[in-house]
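Asks: To start, I am sharing the structure in question, which I have written as structure tokens.
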Amino acid sequence: MRAERSRAFWPLAAFFGLFVLFLYGPTITIVVLSFQGPEGGLTFPMRGVSTHWFRNLFETQMVGDFGGSFTRSMILGLIVTVITVVVSFMAGLAFRRRFPGSTALFYLAVASLIVPSVLISLGIGLMFRLIGEDAAWWSSGLGAHLTWTLPFGLLIMFAVFNRFSPAYEEAARDLGATPWQTIRHVVVPILLPSLIGVGLFGFTLSYDEFARSLYTAGTFNTLPLEIYGMTTNVTTPVLFALGTVTTAVSFLVIGVSIAGVALLRRRRAGG
């Protein structure tokens with residue numbers, strides 16, 4: 001017999017449907033409009049179907065620098081990923097034991113999550129100006145992005161280490177392993193899926209960060225800033241094609257990360 005659904009089922013189902021619609025509806029709309037024909041515009045109805053605007057995207061544009069901004073965002077995202085993973089892992093190891101000032105240091109590290117991103121970007125930009133340095137995506141921009149990614153990495157690693165049993169390390173030490181060998185051959189392999197997750201957070205948060213790049217990127221834009229600038233100048237579906245490509249890159253990164261975690265689990269199961 002089919003179980004009767006409660007009265008709350010349909011309101012909750014409707015709320016979830018609206019949530020999915022508002023979450024994925026704009027993305028689906030942009031993807032569809034990016035396949036307009038050569039005479040297509042920025043709105044429905046579509047005028048033909050083609051890949052014209054994707055080809056046009058990689059040609060020289062009258063405005064915008066898609067290739068350069070995409071490259072800068074990718075490089076910045078990878079640098080942020082590496083630093084976030086390394087620092088978060090080291091902090092997770094350090095905070096397993098209480099030390100003087102640990103509580104204050106923790107709150108200081110995560111405080112940037114509650115400060116408006118625009119204020120952080122403005123503050124870092126002003127600080128570089130005061131010390132006589134020009135803001136750039138690889139210096140002030142990197143620092144601004146780390147104020148966003150590191151707190152998330154720290155919180156994830158603290159949660160992971162709270163569930164990590166020290167018995168594995170004790171067994172390694174009993175077998176004669178040095179502290180470095182224990183970390184390299186025991187701790188890191190066990191926590192590798194979590195470290196991949198931290199890296200994924202770091203890359204995606206940096207790759208599409210707008211507010212903290214606004215006053216810190218300097219002369220050369222990152223991809224989110226370039227897209228924002230193109231919205232005021234570009235009046236063709238090439239803008240939608242750019243949005244589709246960047247969304248595809250984000251999903252590709254997520255897919256590679258998930259595949260990596262699945263491969264690690266399969267190897268462990270086979271071993």
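Note on naming: chains are A, B, ... as they come in the structure tokens, residues start from 1 per chain, ligands start from 1 in the order shown.
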Which residues of segment 179-265 of chain A sit at most 9 Å from segment 78-87 of chain A, using only C-alpha atoms? Give each one's shortest atom pair and distance in Å (one decimal place), in chain and ascending residue order, as JSON lines.
Replies:
```
{"residue": "A:Leu195", "atom": "CA", "partner": "A:Val85", "partner_atom": "CA", "distance": 6.3}
{"residue": "A:Ile196", "atom": "CA", "partner": "A:Val85", "partner_atom": "CA", "distance": 8.1}
{"residue": "A:Val198", "atom": "CA", "partner": "A:Val85", "partner_atom": "CA", "distance": 6.0}
{"residue": "A:Gly199", "atom": "CA", "partner": "A:Thr81", "partner_atom": "CA", "distance": 5.0}
{"residue": "A:Leu200", "atom": "CA", "partner": "A:Thr81", "partner_atom": "CA", "distance": 7.4}
{"residue": "A:Phe201", "atom": "CA", "partner": "A:Thr81", "partner_atom": "CA", "distance": 8.0}
{"residue": "A:Gly202", "atom": "CA", "partner": "A:Thr81", "partner_atom": "CA", "distance": 4.9}
{"residue": "A:Phe203", "atom": "CA", "partner": "A:Thr81", "partner_atom": "CA", "distance": 5.2}
{"residue": "A:Thr204", "atom": "CA", "partner": "A:Thr81", "partner_atom": "CA", "distance": 8.9}
{"residue": "A:Ser206", "atom": "CA", "partner": "A:Val80", "partner_atom": "CA", "distance": 7.0}
{"residue": "A:Tyr207", "atom": "CA", "partner": "A:Leu78", "partner_atom": "CA", "distance": 8.8}
```
Asks: Within 9 Å of segment 98-109 of chain A, counting only C-alpha atoms, which residues show up once you throw out same-chain ones fewer than 3 positions away? Write them as a PyMOL selection string, please.
Replies: chain A and resi 94-95+112-113+147+150-151+154
Asks: Please, could you write that set of residues out with all heavy atoms as an mmCIF file, in the first residue's frame?
Replies:
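File produced: part17.cif:
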```cif
data_model
loop_
_atom_site.group_PDB
_atom_site.id
_atom_site.type_symbol
_atom_site.label_atom_id
_atom_site.label_comp_id
_atom_site.auth_asym_id
_atom_site.auth_seq_id
_atom_site.Cartn_x
_atom_site.Cartn_y
_atom_site.Cartn_z
ATOM 1 N N ALA A 94 47.832 21.844 13.547
ATOM 2 C CA ALA A 94 48.237 22.678 14.686
ATOM 3 C C ALA A 94 47.128 22.788 15.722
ATOM 4 O O ALA A 94 47.396 22.740 16.935
ATOM 5 C CB ALA A 94 48.632 24.065 14.190
ATOM 6 N N PHE A 95 45.877 22.908 15.277
ATOM 7 C CA PHE A 95 44.770 23.140 16.201
ATOM 8 C C PHE A 95 44.249 21.859 16.848
ATOM 9 O O PHE A 95 43.267 21.912 17.589
ATOM 10 C CB PHE A 95 43.625 23.858 15.478
ATOM 11 C CG PHE A 95 43.770 25.350 15.434
ATOM 12 C CD1 PHE A 95 44.517 25.959 14.442
ATOM 13 C CD2 PHE A 95 43.177 26.148 16.398
ATOM 14 C CE1 PHE A 95 44.657 27.331 14.396
ATOM 15 C CE2 PHE A 95 43.304 27.523 16.361
ATOM 16 C CZ PHE A 95 44.051 28.119 15.366
ATOM 17 N N SER A 112 36.771 37.192 8.564
ATOM 18 C CA SER A 112 36.518 37.789 7.252
ATOM 19 C C SER A 112 35.243 37.271 6.609
ATOM 20 O O SER A 112 34.752 37.865 5.644
ATOM 21 C CB SER A 112 37.701 37.524 6.314
ATOM 22 O OG SER A 112 37.859 36.139 6.083
ATOM 23 N N LEU A 113 34.692 36.172 7.127
ATOM 24 C CA LEU A 113 33.452 35.643 6.574
ATOM 25 C C LEU A 113 32.258 36.529 6.894
ATOM 26 O O LEU A 113 31.242 36.491 6.188
ATOM 27 C CB LEU A 113 33.189 34.225 7.099
ATOM 28 C CG LEU A 113 34.162 33.130 6.653
ATOM 29 C CD1 LEU A 113 33.771 31.804 7.265
ATOM 30 C CD2 LEU A 113 34.194 33.026 5.139
ATOM 31 N N THR A 147 41.446 35.653 1.851
ATOM 32 C CA THR A 147 40.596 35.991 2.992
ATOM 33 C C THR A 147 39.216 35.364 2.868
ATOM 34 O O THR A 147 38.464 35.299 3.848
ATOM 35 C CB THR A 147 40.419 37.517 3.125
ATOM 36 O OG1 THR A 147 39.716 38.034 1.979
ATOM 37 C CG2 THR A 147 41.765 38.214 3.251
ATOM 38 N N LEU A 150 40.419 30.724 2.693
ATOM 39 C CA LEU A 150 41.068 30.096 3.846
ATOM 40 C C LEU A 150 40.107 29.798 4.996
ATOM 41 O O LEU A 150 40.187 28.717 5.589
ATOM 42 C CB LEU A 150 42.233 30.971 4.337
ATOM 43 C CG LEU A 150 43.559 30.800 3.587
ATOM 44 C CD1 LEU A 150 44.610 31.773 4.123
ATOM 45 C CD2 LEU A 150 44.065 29.368 3.710
ATOM 46 N N PRO A 151 39.204 30.725 5.367
ATOM 47 C CA PRO A 151 38.272 30.369 6.443
ATOM 48 C C PRO A 151 37.449 29.121 6.150
ATOM 49 O O PRO A 151 37.231 28.288 7.032
ATOM 50 C CB PRO A 151 37.381 31.614 6.549
ATOM 51 C CG PRO A 151 38.244 32.729 6.073
ATOM 52 C CD PRO A 151 39.066 32.135 4.977
ATOM 53 N N LEU A 154 39.769 26.153 6.551
ATOM 54 C CA LEU A 154 40.029 25.884 7.964
ATOM 55 C C LEU A 154 38.858 25.170 8.624
ATOM 56 O O LEU A 154 39.033 24.186 9.358
ATOM 57 C CB LEU A 154 40.314 27.202 8.696
ATOM 58 C CG LEU A 154 41.607 27.936 8.325
ATOM 59 C CD1 LEU A 154 41.666 29.271 9.055
ATOM 60 C CD2 LEU A 154 42.821 27.102 8.677
#
```
Asks: Give me, as a ChimeraX atom specification, all polymer residues having an atom no more than 9 Å from Ile30 of chain A, counting only C-alpha atoms and skipping those fewer than 6 positions away in the same chain.
Replies: /A:237,239-241,243-244
Asks: Residues as selected, all heavy atoms, written as an mmCIF file, in the first residue's frame, can you do that?
Replies:
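Below you can see selection.cif, which holds the result:
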```cif
data_model
loop_
_atom_site.group_PDB
_atom_site.id
_atom_site.type_symbol
_atom_site.label_atom_id
_atom_site.label_comp_id
_atom_site.auth_asym_id
_atom_site.auth_seq_id
_atom_site.Cartn_x
_atom_site.Cartn_y
_atom_site.Cartn_z
ATOM 1 N N PRO A 237 24.714 37.845 -28.267
ATOM 2 C CA PRO A 237 24.749 36.607 -27.475
ATOM 3 C C PRO A 237 26.153 36.080 -27.178
ATOM 4 O O PRO A 237 26.279 35.049 -26.519
ATOM 5 C CB PRO A 237 23.974 35.610 -28.367
ATOM 6 C CG PRO A 237 23.075 36.450 -29.193
ATOM 7 C CD PRO A 237 23.878 37.692 -29.474
ATOM 8 N N LEU A 239 27.995 37.279 -25.102
ATOM 9 C CA LEU A 239 28.049 37.353 -23.646
ATOM 10 C C LEU A 239 27.475 36.083 -23.015
ATOM 11 O O LEU A 239 28.019 35.564 -22.035
ATOM 12 C CB LEU A 239 27.259 38.574 -23.169
ATOM 13 C CG LEU A 239 27.253 38.847 -21.665
ATOM 14 C CD1 LEU A 239 28.664 39.116 -21.168
ATOM 15 C CD2 LEU A 239 26.352 40.033 -21.351
ATOM 16 N N PHE A 240 26.398 35.548 -23.609
ATOM 17 C CA PHE A 240 25.825 34.307 -23.110
ATOM 18 C C PHE A 240 26.754 33.129 -23.391
ATOM 19 O O PHE A 240 26.836 32.198 -22.597
ATOM 20 C CB PHE A 240 24.456 34.059 -23.749
ATOM 21 C CG PHE A 240 23.426 35.080 -23.381
ATOM 22 C CD1 PHE A 240 22.466 35.477 -24.289
ATOM 23 C CD2 PHE A 240 23.430 35.663 -22.127
ATOM 24 C CE1 PHE A 240 21.505 36.425 -23.952
ATOM 25 C CE2 PHE A 240 22.478 36.617 -21.775
ATOM 26 C CZ PHE A 240 21.518 36.989 -22.695
ATOM 27 N N ALA A 241 27.421 33.176 -24.534
ATOM 28 C CA ALA A 241 28.379 32.117 -24.853
ATOM 29 C C ALA A 241 29.509 32.096 -23.836
ATOM 30 O O ALA A 241 29.965 31.024 -23.410
ATOM 31 C CB ALA A 241 28.941 32.325 -26.260
ATOM 32 N N GLY A 243 29.247 33.094 -20.705
ATOM 33 C CA GLY A 243 28.681 32.531 -19.488
ATOM 34 C C GLY A 243 28.576 31.015 -19.558
ATOM 35 O O GLY A 243 28.829 30.315 -18.570
ATOM 36 N N THR A 244 28.216 30.484 -20.716
ATOM 37 C CA THR A 244 28.111 29.034 -20.883
ATOM 38 C C THR A 244 29.466 28.365 -20.746
ATOM 39 O O THR A 244 29.606 27.318 -20.099
ATOM 40 C CB THR A 244 27.501 28.708 -22.259
ATOM 41 O OG1 THR A 244 26.203 29.298 -22.352
ATOM 42 C CG2 THR A 244 27.376 27.208 -22.456
#
```
Asks: So that I can see what lies close to Gly143 of chain A, please list as a list in words the residues with an atom at most 10 Å from it, counting only C-alpha atoms and leaving out residues fewer than 5 positions away in the same chain.
Replies: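 Surrounding residues, per the criterion: Val80, Ser121, Ile124, Trp137, Trp138, Trp148, Arg212, Ser213 and Thr216 of chain A.
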Asks: Just to confirm, what's the straight-line distance from atom CA of Glu226 of chain A to atom CA of Ile258 of chain A in Å (one decimal)?
Replies: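 Atom CA of Glu226 of chain A sits 28.9 Å away from atom CA of Ile258 of chain A.
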Asks: Which residues come within 9 Å of Ile156 of chain A, counting only C-alpha atoms, excluding same-chain residues fewer than 5 positions away, as a compact mmCIF listing (two decimals) with C-alpha atoms, in the first residue's frame?
Replies:
```
# COMPACT_ATOMS: atom_id res chain seq x y z
CA SER A 88 44.33 24.59 5.97
CA GLY A 92 44.25 21.53 11.12
CA PRO A 151 38.27 30.37 6.44
CA PHE A 161 40.39 16.32 12.17
CA SER A 194 38.89 15.91 2.20
CA GLY A 197 37.28 18.96 -1.31
CA VAL A 198 39.14 21.89 0.26
```
Asks: Which residue gives the smallest distance to Ala211 of chain A among A:Leu21, A:Leu225, A:Val110, A:Leu155, with only C-alpha atoms counted?
Replies: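 With only C-alpha atoms as the atom set, the closest residue is A:Leu225.
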Asks: Residues at most 8 Å from Glu39 of chain A, counting only C-alpha atoms, excluding those fewer than 3 positions away in the same chain, as a list in words?
Replies: Gln36, Arg47 and Gly48 of chain A
Asks: For the alpha helix (DSSP H) assignment from backbone DSSP, which residues of segment 18-163 of chain A qualify? Please present them as a PyMOL selection string.
Replies: chain A and resi 18-33+52-57+66-94+102-110+117-130+140-162
Asks: Measuring atom to atom with only C-alpha atoms, identify which of A:Leu76, A:Ile254, A:Val261, A:Val234 is nearest to Leu142 of chain A.
Replies: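 That would be A:Leu76, the residue with the smallest distance to Leu142 of chain A.
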